[in-house]
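Just below is one structure, and these are the notes that go with it.
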Amino acid sequence: MSLVELIALADERGLAASGLACLDRCVPLLGGDDDDVLRPLWTSLVDGEAWGERVEKARADLGEPGDSDVGTDSDVGSTSGASPDDQAAFLVRRMLATVPLDSSVDALRAWADACSVAALRIHELLDIAADGTSSVEARREGRTDGMSPLVAAELRRQIAILELLADRGAGGLRLVLGQSTEGRRVLRAVVSRRARGRA
């Protein structure tokens with residue numbers, strides 16, 4: 001089943017966890033070293049409590065503005081004159097700024113879908129092996145020929161997370177968090193290598 005199909009079939013918890021996992025993996029691009037800054041949101045997925053309040057706290061902890069302060073266009077094309085690193089950071093900020101404060105399935109599905117696209121685009125922007133000509137949407141629909149290693153790993157991770165949640169429900173959240181943590185380590189290493197290359 002393709003990533004697009006998995007998102008279309010996911011329930012509220014699956015959608016929230018999928019979007020949160022994408023955001024969690026990409027937090028290193030905001031310059032923070034606290035790997036637990038989003039942990040309260042993961043707790044909300046288990047206990048079903050205080051999602052909105054914990055979203056607001058995460059935004060404050062990361063020093064990020066609300067949705068109305070970062071513009072309405074989530075397309076990275078609006079930052080096309082910026083460096084790949086700046087474009088990627090813009091996408092992470094948009095993911096954080098647009099986390100739904102309510103847990104309605106429609107809001108979460110739209111957010112999870114946008115986070116999926118953004119996370120794949122971020123990995124494409126930061127992957128020196130990517131040629132920049134691929135379509136993220138094509139990847140999400142299952143057309144994966146010629147995909148660069150970093151993007152391929154992110155796509156596999158997103159699919160694995162949604163499959164885990166579909167099979168195990170809340171019981172799969174610990175495994176999902178482990179997948180996300182590993183992805184964050186990978187992206188942090190990529191960010192560090194790029195920073196050393198610019199030094």
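We name chains A, B, ... following the order of the structure tokens; residues begin at 1 in each chain, and ligands are numbered from 1 as shown.
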
Neighbour list for segment 164-179 of chain A as number ranges by chain, cut-off 9 Å, only C-alpha atoms, skip fewer than 2 positions in-chain: A: 6, 9-11, 13-14, 17-18, 21, 42, 45-46, 157, 159-162, 181-184

Distance of atom CA of Leu125 of chain A from atom CA of Leu108 of chain A, expressed in Å to one decimal place: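 Atom CA of Leu108 of chain A sits 25.1 Å away from atom CA of Leu125 of chain A.
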
Interatomic distance, atom CA of Asp35 of chain A to atom CA of Cys22 of chain A (Å, one decimal): 13.7 Å

Which residue of A:Ala110, A:Leu30, A:Val4, A:Val191 approaches Gln158 of chain A most closely, using only C-alpha atoms: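 Nearest to Gln158 of chain A: A:Val4.
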
Distance of atom CA of Arg198 of chain A from atom CA of Arg59 of chain A, expressed in Å to one decimal place: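 Atom-to-atom, atom CA of Arg59 of chain A and atom CA of Arg198 of chain A are spaced 28.7 Å apart.
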
Those in segment 11-68 of chain A with alpha helix (DSSP H) from DSSP, as a ChimeraX atom specification: /A:12-26,39-47,51-61

Keeping only C-alpha atoms, write those residues as an mmCIF file, in the first residue's frame.
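The resulting part-v9.cif:
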data_model
loop_
_atom_site.group_PDB
_atom_site.id
_atom_site.type_symbol
_atom_site.label_atom_id
_atom_site.label_comp_id
_atom_site.auth_asym_id
_atom_site.auth_seq_id
_atom_site.Cartn_x
_atom_site.Cartn_y
_atom_site.Cartn_z
ATOM 1 C CA GLU A 12 -6.981 10.090 14.466
ATOM 2 C CA ARG A 13 -4.160 8.604 16.552
ATOM 3 C CA GLY A 14 -2.368 7.293 13.485
ATOM 4 C CA LEU A 15 -2.586 10.647 11.739
ATOM 5 C CA ALA A 16 -1.400 12.589 14.776
ATOM 6 C CA ALA A 17 1.497 10.187 15.336
ATOM 7 C CA SER A 18 2.466 10.235 11.665
ATOM 8 C CA GLY A 19 2.585 14.025 11.523
ATOM 9 C CA LEU A 20 4.297 14.293 14.900
ATOM 10 C CA ALA A 21 6.933 11.746 13.881
ATOM 11 C CA CYS A 22 7.740 13.744 10.735
ATOM 12 C CA LEU A 23 8.101 16.901 12.817
ATOM 13 C CA ASP A 24 10.102 15.134 15.523
ATOM 14 C CA ARG A 25 12.648 13.825 13.024
ATOM 15 C CA CYS A 26 13.174 17.290 11.571
ATOM 16 C CA ARG A 39 7.860 14.197 24.201
ATOM 17 C CA PRO A 40 4.769 15.699 25.923
ATOM 18 C CA LEU A 41 2.927 15.486 22.602
ATOM 19 C CA TRP A 42 3.769 11.794 22.365
ATOM 20 C CA THR A 43 2.364 11.442 25.885
ATOM 21 C CA SER A 44 -0.856 13.060 24.689
ATOM 22 C CA LEU A 45 -1.223 10.337 22.075
ATOM 23 C CA VAL A 46 -1.146 7.762 24.875
ATOM 24 C CA ASP A 47 -3.298 9.452 27.516
ATOM 25 C CA TRP A 51 -2.973 17.981 23.201
ATOM 26 C CA GLY A 52 -3.678 21.653 22.484
ATOM 27 C CA GLU A 53 -1.890 22.911 25.592
ATOM 28 C CA ARG A 54 1.140 20.761 24.867
ATOM 29 C CA VAL A 55 1.255 21.973 21.266
ATOM 30 C CA GLU A 56 1.385 25.569 22.490
ATOM 31 C CA LYS A 57 4.140 24.711 24.972
ATOM 32 C CA ALA A 58 6.222 22.991 22.288
ATOM 33 C CA ARG A 59 5.933 26.068 20.074
ATOM 34 C CA ALA A 60 7.012 28.291 22.962
ATOM 35 C CA ASP A 61 9.922 26.004 23.886
#

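For the residues A:Arg121, A:Val99, A:Gly197, A:Ser104, ranking by smallest atom-to-atom distance to Gln87 of chain A using only C-alpha atoms places A:Arg121 first.
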